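Trainee: entry08.cif is the file, holding mmCIF, C-alpha atoms and all ligand atoms:
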data_input
loop_
_atom_site.group_PDB
_atom_site.id
_atom_site.type_symbol
_atom_site.label_atom_id
_atom_site.label_comp_id
_atom_site.auth_asym_id
_atom_site.auth_seq_id
_atom_site.Cartn_x
_atom_site.Cartn_y
_atom_site.Cartn_z
ATOM 1 C CA MET A 8 -68.740 207.908 293.571
ATOM 2 C CA SER A 9 -68.294 204.168 293.741
ATOM 3 C CA TYR A 10 -68.081 201.801 296.717
ATOM 4 C CA VAL A 11 -66.770 198.363 297.626
ATOM 5 C CA LEU A 12 -69.370 196.437 299.644
ATOM 6 C CA ILE A 13 -67.782 194.035 302.147
ATOM 7 C CA THR A 14 -69.778 191.657 304.347
ATOM 8 C CA GLY A 15 -68.302 190.415 307.612
ATOM 9 C CA ALA A 16 -66.131 193.512 307.962
ATOM 10 C CA SER A 17 -66.136 193.819 311.776
ATOM 11 C CA SER A 18 -63.238 191.397 312.317
ATOM 12 C CA GLY A 19 -60.640 189.149 310.730
ATOM 13 C CA ILE A 20 -60.226 188.974 306.975
ATOM 14 C CA GLY A 21 -63.134 191.331 306.199
ATOM 15 C CA LYS A 22 -61.822 194.040 308.528
ATOM 16 C CA SER A 23 -58.348 193.782 306.965
ATOM 17 C CA ILE A 24 -59.803 193.809 303.430
ATOM 18 C CA ALA A 25 -61.633 197.023 304.385
ATOM 19 C CA ALA A 26 -58.356 198.623 305.569
ATOM 20 C CA THR A 27 -56.461 197.496 302.453
ATOM 21 C CA PHE A 28 -59.123 198.772 300.039
ATOM 22 C CA ALA A 29 -59.443 202.066 301.966
ATOM 23 C CA ALA A 30 -55.656 202.533 301.734
ATOM 24 C CA LYS A 31 -56.000 202.126 297.950
ATOM 25 C CA GLY A 32 -58.630 204.888 297.913
ATOM 26 C CA HIS A 33 -61.850 202.869 297.691
ATOM 27 C CA ASN A 34 -65.022 204.074 299.403
ATOM 28 C CA LEU A 35 -66.582 201.302 301.429
ATOM 29 C CA ILE A 36 -69.896 199.904 302.603
ATOM 30 C CA LEU A 37 -69.208 197.612 305.566
ATOM 31 C CA VAL A 38 -71.705 195.073 306.895
ATOM 32 C CA ALA A 39 -71.760 192.852 309.997
ATOM 33 C CA ARG A 40 -73.959 192.304 313.066
ATOM 34 C CA ARG A 41 -71.735 194.344 315.439
ATOM 35 C CA LEU A 42 -72.643 197.847 314.299
ATOM 36 C CA ALA A 43 -70.729 199.556 317.147
ATOM 37 C CA VAL A 44 -67.507 197.846 316.012
ATOM 38 C CA LEU A 45 -68.172 198.908 312.412
ATOM 39 C CA GLU A 46 -68.654 202.520 313.615
ATOM 40 C CA GLU A 47 -65.153 202.420 315.187
ATOM 41 C CA ILE A 48 -63.666 200.994 311.980
ATOM 42 C CA LYS A 49 -65.412 203.730 309.971
ATOM 43 C CA GLN A 50 -63.831 206.438 312.169
ATOM 44 C CA GLU A 51 -60.361 204.879 311.921
ATOM 45 C CA LEU A 52 -60.491 204.474 308.148
ATOM 46 C CA GLU A 53 -62.030 207.880 307.408
ATOM 47 C CA SER A 54 -59.429 209.652 309.552
ATOM 48 C CA ALA A 55 -56.533 207.747 307.942
ATOM 49 C CA HIS A 56 -57.658 207.887 304.299
ATOM 50 C CA ALA A 57 -59.642 210.215 302.044
ATOM 51 C CA VAL A 58 -62.551 207.780 301.698
ATOM 52 C CA GLU A 59 -66.194 207.563 302.729
ATOM 53 C CA VAL A 60 -67.218 204.553 304.797
ATOM 54 C CA VAL A 61 -70.883 203.583 305.191
ATOM 55 C CA VAL A 62 -71.717 201.019 307.890
ATOM 56 C CA ILE A 63 -74.766 198.766 308.094
ATOM 57 C CA GLY A 64 -75.684 196.345 310.872
ATOM 58 C CA SER A 65 -77.340 193.195 309.567
ATOM 59 C CA ASP A 66 -77.622 189.531 310.483
ATOM 60 C CA LEU A 67 -77.063 187.856 307.130
ATOM 61 C CA SER A 68 -77.913 184.395 308.439
ATOM 62 C CA VAL A 69 -81.470 185.541 307.710
ATOM 63 C CA GLU A 70 -81.831 185.476 303.921
ATOM 64 C CA ALA A 71 -84.523 188.185 303.997
ATOM 65 C CA ASN A 72 -81.931 190.491 305.580
ATOM 66 C CA ALA A 73 -79.602 189.910 302.620
ATOM 67 C CA ILE A 74 -82.373 190.995 300.265
ATOM 68 C CA ALA A 75 -83.137 194.042 302.449
ATOM 69 C CA LEU A 76 -79.406 194.908 302.539
ATOM 70 C CA TYR A 77 -79.177 194.838 298.766
ATOM 71 C CA GLU A 78 -82.209 197.132 298.499
ATOM 72 C CA GLN A 79 -80.676 199.446 301.111
ATOM 73 C CA VAL A 80 -77.464 199.861 299.077
ATOM 74 C CA SER A 81 -79.205 200.133 295.696
ATOM 75 C CA SER A 82 -78.658 203.905 295.574
ATOM 76 C CA TYR A 83 -74.856 203.382 295.707
ATOM 77 C CA GLU A 84 -72.779 202.490 292.647
ATOM 78 C CA LEU A 85 -70.628 199.442 293.493
ATOM 79 C CA THR A 86 -67.133 198.657 292.189
ATOM 80 C CA ALA A 87 -67.149 195.301 293.924
ATOM 81 C CA LEU A 88 -69.120 193.075 296.260
ATOM 82 C CA ILE A 89 -66.961 190.967 298.566
ATOM 83 C CA ASN A 90 -69.086 188.237 300.170
ATOM 84 C CA ASN A 91 -66.830 187.458 303.117
ATOM 85 C CA ALA A 92 -69.215 186.917 306.077
ATOM 86 C CA GLY A 93 -69.170 183.286 307.074
ATOM 87 C CA PHE A 94 -68.341 180.895 309.880
ATOM 88 C CA GLY A 95 -67.265 177.318 310.395
ATOM 89 C CA ASN A 96 -67.957 174.566 312.865
ATOM 90 C CA PHE A 97 -65.385 171.857 313.509
ATOM 91 C CA ASN A 98 -67.039 168.755 314.941
ATOM 92 C CA MET A 99 -67.983 165.283 313.843
ATOM 93 C CA LEU A 100 -71.320 165.577 312.046
ATOM 94 C CA TRP A 101 -73.196 163.693 314.760
ATOM 95 C CA ASP A 102 -71.981 166.216 317.360
ATOM 96 C CA VAL A 103 -72.987 169.311 315.378
ATOM 97 C CA ASP A 104 -75.646 171.607 316.822
ATOM 98 C CA MET A 105 -78.571 171.542 314.358
ATOM 99 C CA GLU A 106 -79.428 175.234 314.661
ATOM 100 C CA ARG A 107 -75.797 176.252 314.168
ATOM 101 C CA MET A 108 -75.580 174.008 311.115
ATOM 102 C CA SER A 109 -78.687 175.646 309.599
ATOM 103 C CA ASN A 110 -77.370 179.136 310.374
ATOM 104 C CA MET A 111 -74.089 178.268 308.667
ATOM 105 C CA ILE A 112 -75.844 177.099 305.501
ATOM 106 C CA ASP A 113 -78.101 180.172 305.562
ATOM 107 C CA LEU A 114 -75.132 182.559 305.898
ATOM 108 C CA ASN A 115 -72.394 180.796 303.884
ATOM 109 C CA VAL A 116 -74.703 179.612 301.089
ATOM 110 C CA SER A 117 -78.183 181.192 300.940
ATOM 111 C CA SER A 118 -77.363 184.835 301.634
ATOM 112 C CA LEU A 119 -74.166 184.687 299.576
ATOM 113 C CA SER A 120 -76.187 183.271 296.651
ATOM 114 C CA ARG A 121 -78.898 185.868 296.987
ATOM 115 C CA LEU A 122 -76.425 188.782 297.100
ATOM 116 C CA SER A 123 -74.383 187.317 294.211
ATOM 117 C CA MET A 124 -77.501 186.854 292.083
ATOM 118 C CA LEU A 125 -78.807 190.380 292.690
ATOM 119 C CA PHE A 126 -75.353 191.866 292.076
ATOM 120 C CA SER A 127 -74.903 189.928 288.784
ATOM 121 C CA ARG A 128 -78.338 191.021 287.613
ATOM 122 C CA ASP A 129 -77.453 194.705 288.100
ATOM 123 C CA TYR A 130 -73.711 194.695 287.286
ATOM 124 C CA LYS A 131 -73.216 192.040 284.567
ATOM 125 C CA ASP A 132 -72.794 194.769 281.934
ATOM 126 C CA LYS A 133 -70.340 196.826 284.012
ATOM 127 C CA GLU A 134 -66.647 196.534 284.932
ATOM 128 C CA ALA A 135 -67.604 195.336 288.414
ATOM 129 C CA GLN A 136 -66.315 192.442 290.487
ATOM 130 C CA LEU A 137 -67.879 189.842 292.725
ATOM 131 C CA ILE A 138 -65.375 188.200 295.076
ATOM 132 C CA ASN A 139 -66.796 185.307 297.073
ATOM 133 C CA VAL A 140 -64.700 184.148 300.016
ATOM 134 C CA ALA A 141 -64.518 180.350 300.072
ATOM 135 C CA SER A 142 -61.627 178.374 301.561
ATOM 136 C CA VAL A 143 -59.050 175.783 300.520
ATOM 137 C CA GLY A 144 -61.727 173.593 302.140
ATOM 138 C CA GLY A 145 -63.909 174.501 299.156
ATOM 139 C CA TYR A 146 -61.678 172.276 297.011
ATOM 140 C CA MET A 147 -60.929 169.392 299.427
ATOM 141 C CA THR A 148 -62.853 167.254 301.848
ATOM 142 C CA MET A 149 -62.112 167.687 305.534
ATOM 143 C CA PRO A 150 -63.337 165.157 308.101
ATOM 144 C CA GLY A 151 -64.523 167.039 311.187
ATOM 145 C CA ALA A 152 -65.854 169.940 309.112
ATOM 146 C CA ALA A 153 -68.303 168.241 306.723
ATOM 147 C CA THR A 154 -70.977 170.941 306.607
ATOM 148 C CA TYR A 155 -68.458 173.781 306.532
ATOM 149 C CA VAL A 156 -66.438 172.429 303.594
ATOM 150 C CA ALA A 157 -69.684 171.546 301.801
ATOM 151 C CA THR A 158 -70.809 175.174 302.101
ATOM 152 C CA LYS A 159 -67.442 176.255 300.675
ATOM 153 C CA PHE A 160 -67.631 173.655 297.848
ATOM 154 C CA TYR A 161 -70.922 175.348 297.012
ATOM 155 C CA VAL A 162 -69.205 178.755 296.937
ATOM 156 C CA THR A 163 -66.364 177.572 294.671
ATOM 157 C CA ALA A 164 -68.628 175.665 292.230
ATOM 158 C CA TYR A 165 -71.201 178.468 292.153
ATOM 159 C CA THR A 166 -68.669 181.267 291.645
ATOM 160 C CA GLU A 167 -66.538 179.424 289.089
ATOM 161 C CA SER A 168 -69.705 178.579 287.109
ATOM 162 C CA LEU A 169 -70.832 182.213 287.233
ATOM 163 C CA ALA A 170 -67.350 183.328 286.095
ATOM 164 C CA MET A 171 -67.659 181.033 283.082
ATOM 165 C CA GLU A 172 -71.212 182.212 282.331
ATOM 166 C CA LEU A 173 -70.006 185.827 282.314
ATOM 167 C CA LYS A 174 -67.073 184.949 280.060
ATOM 168 C CA ALA A 175 -69.241 182.892 277.650
ATOM 169 C CA ALA A 176 -71.776 185.735 277.418
ATOM 170 C CA GLY A 177 -68.978 188.292 276.822
ATOM 171 C CA LYS A 178 -69.936 190.290 279.910
ATOM 172 C CA PRO A 179 -67.438 192.715 281.493
ATOM 173 C CA MET A 180 -68.311 191.773 285.088
ATOM 174 C CA LYS A 181 -65.904 189.348 286.798
ATOM 175 C CA ALA A 182 -66.727 186.697 289.427
ATOM 176 C CA LYS A 183 -63.827 185.448 291.551
ATOM 177 C CA VAL A 184 -63.142 182.983 294.371
ATOM 178 C CA LEU A 185 -60.811 183.700 297.290
ATOM 179 C CA ALA A 186 -59.682 180.436 298.888
ATOM 180 C CA PRO A 187 -57.704 181.132 302.080
ATOM 181 C CA GLY A 188 -55.903 178.502 304.134
ATOM 182 C CA PRO A 189 -55.780 178.987 307.914
ATOM 183 C CA VAL A 190 -55.878 182.673 308.898
ATOM 184 C CA GLU A 191 -55.397 184.079 312.407
ATOM 185 C CA THR A 192 -58.854 185.591 313.096
ATOM 186 C CA GLU A 193 -61.855 185.004 315.360
ATOM 187 C CA PHE A 194 -62.845 182.171 312.988
ATOM 188 C CA MET A 195 -61.169 179.277 314.800
ATOM 189 C CA ASP A 196 -62.485 180.378 318.207
ATOM 190 C CA GLN A 197 -65.976 180.405 316.703
ATOM 191 C CA ALA A 198 -65.452 177.063 314.931
ATOM 192 C CA ASN A 199 -63.945 175.076 317.796
ATOM 193 C CA LYS A 200 -61.595 176.361 320.522
ATOM 194 C CA THR A 201 -60.118 172.896 321.153
ATOM 195 C CA ALA A 202 -59.232 172.446 317.479
ATOM 196 C CA LYS A 203 -57.590 175.898 317.489
ATOM 197 C CA ASN A 204 -55.448 174.971 320.511
ATOM 198 C CA GLU A 205 -54.445 171.701 318.835
ATOM 199 C CA MET A 206 -53.503 173.537 315.620
ATOM 200 C CA ASP A 207 -51.456 176.076 317.618
ATOM 201 C CA ALA A 208 -49.709 173.302 319.558
ATOM 202 C CA SER A 209 -48.804 171.403 316.381
ATOM 203 C CA GLY A 210 -47.151 174.531 314.952
ATOM 204 C CA PHE A 211 -49.706 174.915 312.163
ATOM 205 C CA THR A 212 -48.955 177.908 309.911
ATOM 206 C CA PHE A 213 -51.534 180.698 309.792
ATOM 207 C CA HIS A 214 -51.554 183.759 307.574
ATOM 208 C CA SER A 215 -52.417 187.051 309.222
ATOM 209 C CA SER A 216 -55.664 188.683 308.120
ATOM 210 C CA ASP A 217 -53.562 191.583 306.734
ATOM 211 C CA GLN A 218 -51.634 189.151 304.521
ATOM 212 C CA MET A 219 -54.933 187.646 303.336
ATOM 213 C CA ALA A 220 -56.236 191.137 302.548
ATOM 214 C CA GLU A 221 -53.136 191.795 300.404
ATOM 215 C CA PHE A 222 -53.810 188.500 298.583
ATOM 216 C CA THR A 223 -57.417 189.616 298.072
ATOM 217 C CA TYR A 224 -56.228 192.847 296.489
ATOM 218 C CA GLN A 225 -53.877 190.838 294.248
ATOM 219 C CA LEU A 226 -56.912 188.780 293.117
ATOM 220 C CA PHE A 227 -58.961 191.971 292.633
ATOM 221 C CA GLU A 228 -56.257 193.340 290.302
ATOM 222 C CA SER A 229 -55.735 190.095 288.374
ATOM 223 C CA ASP A 230 -57.699 188.703 285.421
ATOM 224 C CA ASP A 231 -57.811 185.251 287.032
ATOM 225 C CA VAL A 232 -60.871 183.620 288.583
ATOM 226 C CA VAL A 233 -59.385 181.928 291.670
ATOM 227 C CA GLY A 234 -56.969 183.177 294.328
ATOM 228 C CA ILE A 235 -55.851 180.228 296.438
ATOM 229 C CA VAL A 236 -53.338 179.334 299.130
ATOM 230 C CA ASP A 237 -51.079 176.364 298.371
ATOM 231 C CA MET A 238 -51.131 174.405 301.634
ATOM 232 C CA SER A 239 -47.761 172.751 300.866
ATOM 233 C CA ASP A 240 -45.831 176.010 301.262
ATOM 234 C CA MET A 241 -48.554 178.581 302.192
ATOM 235 C CA SER A 242 -47.856 180.601 299.040
ATOM 236 C CA PHE A 243 -50.717 182.446 297.335
ATOM 237 C CA LYS A 244 -51.381 182.279 293.622
ATOM 238 C CA THR A 245 -54.119 183.315 291.211
ATOM 239 C CA GLN A 246 -55.245 181.018 288.435
ATOM 240 C CA ASP A 247 -58.122 179.999 286.157
ATOM 241 C CA VAL A 248 -61.021 177.786 287.354
ATOM 242 C CA ILE A 249 -60.083 174.636 289.273
ATOM 243 C CA HIS A 250 -63.212 172.440 289.128
ATOM 244 C CA PRO A 251 -63.618 170.157 286.099
ATOM 245 C CA THR A 252 -66.007 171.740 283.626
ATOM 246 C CA PHE A 253 -68.958 170.394 281.677
ATOM 247 C CA SER A 254 -70.452 172.794 279.114
ATOM 248 C CA ILE A 255 -74.065 172.340 278.007
HETATM 249 N N1 LIG B 301 -59.860 182.186 309.351
HETATM 250 C C1 LIG B 301 -59.674 181.143 308.572
HETATM 251 O O1 LIG B 301 -58.851 180.247 308.879
HETATM 252 C C2 LIG B 301 -60.449 181.011 307.281
HETATM 253 C C3 LIG B 301 -59.988 180.073 306.343
HETATM 254 C C4 LIG B 301 -60.676 179.933 305.146
HETATM 255 C C5 LIG B 301 -61.795 180.705 304.893
HETATM 256 N N2 LIG B 301 -62.223 181.608 305.838
HETATM 257 C C6 LIG B 301 -63.420 182.380 305.532
HETATM 258 O O2 LIG B 301 -63.135 183.755 305.644
HETATM 259 C C7 LIG B 301 -64.330 184.478 305.930
HETATM 260 C C8 LIG B 301 -64.067 185.467 307.052
HETATM 261 O O3 LIG B 301 -63.744 184.741 308.226
HETATM 262 P P1 LIG B 301 -62.674 185.242 309.307
HETATM 263 O O4 LIG B 301 -61.618 184.209 309.377
HETATM 264 O O5 LIG B 301 -62.294 186.640 309.053
HETATM 265 O O6 LIG B 301 -63.550 185.082 310.636
HETATM 266 P P2 LIG B 301 -64.051 186.134 311.727
HETATM 267 O O7 LIG B 301 -62.899 186.888 312.292
HETATM 268 O O8 LIG B 301 -64.890 185.316 312.644
HETATM 269 O O9 LIG B 301 -64.957 187.140 310.893
HETATM 270 C C9 LIG B 301 -66.241 186.798 310.427
HETATM 271 C C10 LIG B 301 -66.979 188.042 310.021
HETATM 272 O O10 LIG B 301 -68.286 187.659 309.569
HETATM 273 C C11 LIG B 301 -69.259 188.380 310.302
HETATM 274 N N3 LIG B 301 -70.444 187.573 310.503
HETATM 275 C C12 LIG B 301 -70.526 186.373 311.139
HETATM 276 N N4 LIG B 301 -71.812 185.964 311.188
HETATM 277 C C13 LIG B 301 -72.545 186.936 310.562
HETATM 278 C C14 LIG B 301 -73.924 187.111 310.304
HETATM 279 N N5 LIG B 301 -74.829 186.195 310.720
HETATM 280 N N6 LIG B 301 -74.339 188.221 309.649
HETATM 281 C C15 LIG B 301 -73.435 189.161 309.246
HETATM 282 N N7 LIG B 301 -72.121 189.051 309.467
HETATM 283 C C16 LIG B 301 -71.677 187.947 310.116
HETATM 284 C C17 LIG B 301 -68.597 188.711 311.630
HETATM 285 O O11 LIG B 301 -69.129 189.900 312.196
HETATM 286 P P3 LIG B 301 -70.241 189.998 313.355
HETATM 287 O O12 LIG B 301 -69.902 188.950 314.369
HETATM 288 O O13 LIG B 301 -70.103 191.411 313.825
HETATM 289 O O14 LIG B 301 -71.545 189.754 312.644
HETATM 290 C C18 LIG B 301 -67.168 188.995 311.185
HETATM 291 O O15 LIG B 301 -67.056 190.324 310.725
HETATM 292 C C19 LIG B 301 -65.391 183.420 306.230
HETATM 293 O O16 LIG B 301 -66.234 183.261 305.108
HETATM 294 C C20 LIG B 301 -64.585 182.169 306.479
HETATM 295 O O17 LIG B 301 -65.312 181.007 306.177
HETATM 296 C C21 LIG B 301 -61.578 181.785 307.009
#
For this file, produce the structure as structure tokens.
Mentor:
Amino acid sequence: MSYVLITGASSGIGKSIAATFAAKGHNLILVARRLAVLEEIKQELESAHAVEVVVIGSDLSVEANAIALYEQVSSYELTALINNAGFGNFNMLWDVDMERMSNMIDLNVSSLSRLSMLFSRDYKDKEAQLINVASVGGYMTMPGAATYVATKFYVTAYTESLAMELKAAGKPMKAKVLAPGPVETEFMDQANKTAKNEMDASGFTFHSSDQMAEFTYQLFESDDVVGIVDMSDMSFKTQDVIHPTFSI
């Protein structure tokens, strides 16, 4: 039996990805801090689909917990790891809370790197997939979200480079980037309630988390490296790497 491991599966995009993959028949391992919420999701998905759902409560802003999580799931065969857990903070840099900034880097960058590295080590010679959730902000600067977009630039550069390493070494494992635009989830409330209200008032277009989960499945099924939202018309497309490349 094989499983798809999804971090940040208790709400938003991760929760919808879990539902979409369960509907396609994938067994799941779901991770987030709110274990009670994950237990409810497990019950819903197991009663609706013939799949097994394993739930694990973990705070991945502590890198040691990411390592412990990987050890905990080492007895399961994985089809894919979807590093989705993450949060943003929309403020001018001088107004950012220092502890929140550190937590964001620890979660969005350090734990994602640690899980990606361990997964590549074990799955590089298998038909497995690593999907790292970045953002359109991982390809463009965004005043008012400096640390957040920098964490997502890290995710896009890191994952695209890994994808090219795997290709150059002729490995079957795939590494992919999901780059959503604005999605209606708990994210904006966490990042900055005022900014969310302003975006709502200006008629900003959001995808639903279910739409983003369908896009994620499209990326999962494609041979491309990046799945990205085009902010000019909110369409989703998959394509090859975006960053300029320098080969050693
Ligand atoms: N929504 C958007 O507009 C948008 C746009 C581009 C990219 N993204 C990216 O999409 C991903 C998912 O965000 P979302 O929009 O679905 O937001 P969300 O609704 O706030 O979901 C975030 C998920 O991450 C989990 N999480 C947060 N901190 C965690 C921690 N320390 N340890 C373990 N799990 C943690 C949360 O669960 P618990 O609270 O239970 O831990 C939740 O399940 C993020 O990486 C985000 O940067 C979102």
Trainee: As a check of understanding, name the residues that the PyMOL selection byres (((chain A and resi 26) around 10) and not hetatm) selects in the supplied structure, as a PyMOL selection string.
Mentor: chain A and resi 16+20-25+27-33+35+48-49+51-52+55-56+217+220
Trainee: Could you spell out the hits of the PyMOL selection byres (((not hetatm)) within 6 of (chain B and resi 301)) on the shown file, as a PyMOL selection string?
Mentor: chain A and resi 15-21+39-41+65-68+91-95+140-142+187-194
Trainee: Could you save the residues just selected, with C-alpha atoms, as an mmCIF file, in the coordinates of the input?
Mentor:
data_model
loop_
_atom_site.group_PDB
_atom_site.id
_atom_site.type_symbol
_atom_site.label_atom_id
_atom_site.label_comp_id
_atom_site.auth_asym_id
_atom_site.auth_seq_id
_atom_site.Cartn_x
_atom_site.Cartn_y
_atom_site.Cartn_z
ATOM 1 C CA GLY A 15 -68.302 190.415 307.612
ATOM 2 C CA ALA A 16 -66.131 193.512 307.962
ATOM 3 C CA SER A 17 -66.136 193.819 311.776
ATOM 4 C CA SER A 18 -63.238 191.397 312.317
ATOM 5 C CA GLY A 19 -60.640 189.149 310.730
ATOM 6 C CA ILE A 20 -60.226 188.974 306.975
ATOM 7 C CA GLY A 21 -63.134 191.331 306.199
ATOM 8 C CA ALA A 39 -71.760 192.852 309.997
ATOM 9 C CA ARG A 40 -73.959 192.304 313.066
ATOM 10 C CA ARG A 41 -71.735 194.344 315.439
ATOM 11 C CA SER A 65 -77.340 193.195 309.567
ATOM 12 C CA ASP A 66 -77.622 189.531 310.483
ATOM 13 C CA LEU A 67 -77.063 187.856 307.130
ATOM 14 C CA SER A 68 -77.913 184.395 308.439
ATOM 15 C CA ASN A 91 -66.830 187.458 303.117
ATOM 16 C CA ALA A 92 -69.215 186.917 306.077
ATOM 17 C CA GLY A 93 -69.170 183.286 307.074
ATOM 18 C CA PHE A 94 -68.341 180.895 309.880
ATOM 19 C CA GLY A 95 -67.265 177.318 310.395
ATOM 20 C CA VAL A 140 -64.700 184.148 300.016
ATOM 21 C CA ALA A 141 -64.518 180.350 300.072
ATOM 22 C CA SER A 142 -61.627 178.374 301.561
ATOM 23 C CA PRO A 187 -57.704 181.132 302.080
ATOM 24 C CA GLY A 188 -55.903 178.502 304.134
ATOM 25 C CA PRO A 189 -55.780 178.987 307.914
ATOM 26 C CA VAL A 190 -55.878 182.673 308.898
ATOM 27 C CA GLU A 191 -55.397 184.079 312.407
ATOM 28 C CA THR A 192 -58.854 185.591 313.096
ATOM 29 C CA GLU A 193 -61.855 185.004 315.360
ATOM 30 C CA PHE A 194 -62.845 182.171 312.988
#
Trainee: What's the separation between CA of Asn72 in chain A and CA of Leu100 in chain A, in Å to one decimal place?
Mentor: 27.8 Å
Trainee: With the file shown as input, list the residues that the PyMOL selection byres (((chain A and resi 235) around 8) and not hetatm) selects, as number ranges by chain.
Mentor: A: 142-143, 185-188, 233-234, 236-237, 243-245
Trainee: Report the distance between CA of Asp240 in chain A and CA of Gly210 in chain A in Å, rounded to one decimal place.
Mentor: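 Between CA of Asp240 in chain A and CA of Gly210 in chain A the gap is 13.8 Å.
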Trainee: Can I get the residues of range 221-251 of chain A within 12 Å of range 120-135 of chain A, each with the closest pair of atoms and their distance in Å to one decimal, using only C-alpha atoms, sorted chain first then ascending number, as a tab-separated table?
Mentor:
residue	atom	partner	partner_atom	distance
A:Phe227	CA	A:Ala135	CA	10.2
A:Glu228	CA	A:Ala135	CA	11.7
A:Asp230	CA	A:Glu134	CA	11.9
Trainee: Could you complete range 36-47 of chain A so that it carries N, CA and C atoms, and give it back as a CSV table (one decimal), in the frame of the given file?
Mentor:
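So part26.csv came out as:
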chain,number,residue,atom,x,y,z
A,36,ILE,N,-68.7,200.2,301.8
A,36,ILE,CA,-69.9,199.9,302.6
A,36,ILE,C,-69.6,198.6,303.4
A,37,LEU,N,-69.6,198.7,304.7
A,37,LEU,CA,-69.2,197.6,305.6
A,37,LEU,C,-70.4,197.1,306.3
A,38,VAL,N,-70.5,195.7,306.3
A,38,VAL,CA,-71.7,195.1,306.9
A,38,VAL,C,-71.3,194.0,307.9
A,39,ALA,N,-71.9,193.9,309.0
A,39,ALA,CA,-71.8,192.9,310.0
A,39,ALA,C,-72.9,193.0,311.0
A,40,ARG,N,-72.9,192.1,312.0
A,40,ARG,CA,-74.0,192.3,313.1
A,40,ARG,C,-73.5,193.4,314.1
A,41,ARG,N,-72.2,193.4,314.4
A,41,ARG,CA,-71.7,194.3,315.4
A,41,ARG,C,-71.6,195.8,314.9
A,42,LEU,N,-72.6,196.5,314.9
A,42,LEU,CA,-72.6,197.8,314.3
A,42,LEU,C,-71.7,198.8,315.0
A,43,ALA,N,-71.6,198.7,316.4
A,43,ALA,CA,-70.7,199.6,317.1
A,43,ALA,C,-69.3,199.4,316.7
A,44,VAL,N,-68.9,198.1,316.5
A,44,VAL,CA,-67.5,197.8,316.0
A,44,VAL,C,-67.3,198.5,314.6
A,45,LEU,N,-68.3,198.3,313.8
A,45,LEU,CA,-68.2,198.9,312.4
A,45,LEU,C,-68.0,200.4,312.5
A,46,GLU,N,-68.7,201.1,313.4
A,46,GLU,CA,-68.7,202.5,313.6
A,46,GLU,C,-67.2,202.9,314.0
A,47,GLU,N,-66.6,202.1,314.8
A,47,GLU,CA,-65.2,202.4,315.2
A,47,GLU,C,-64.2,202.3,314.0
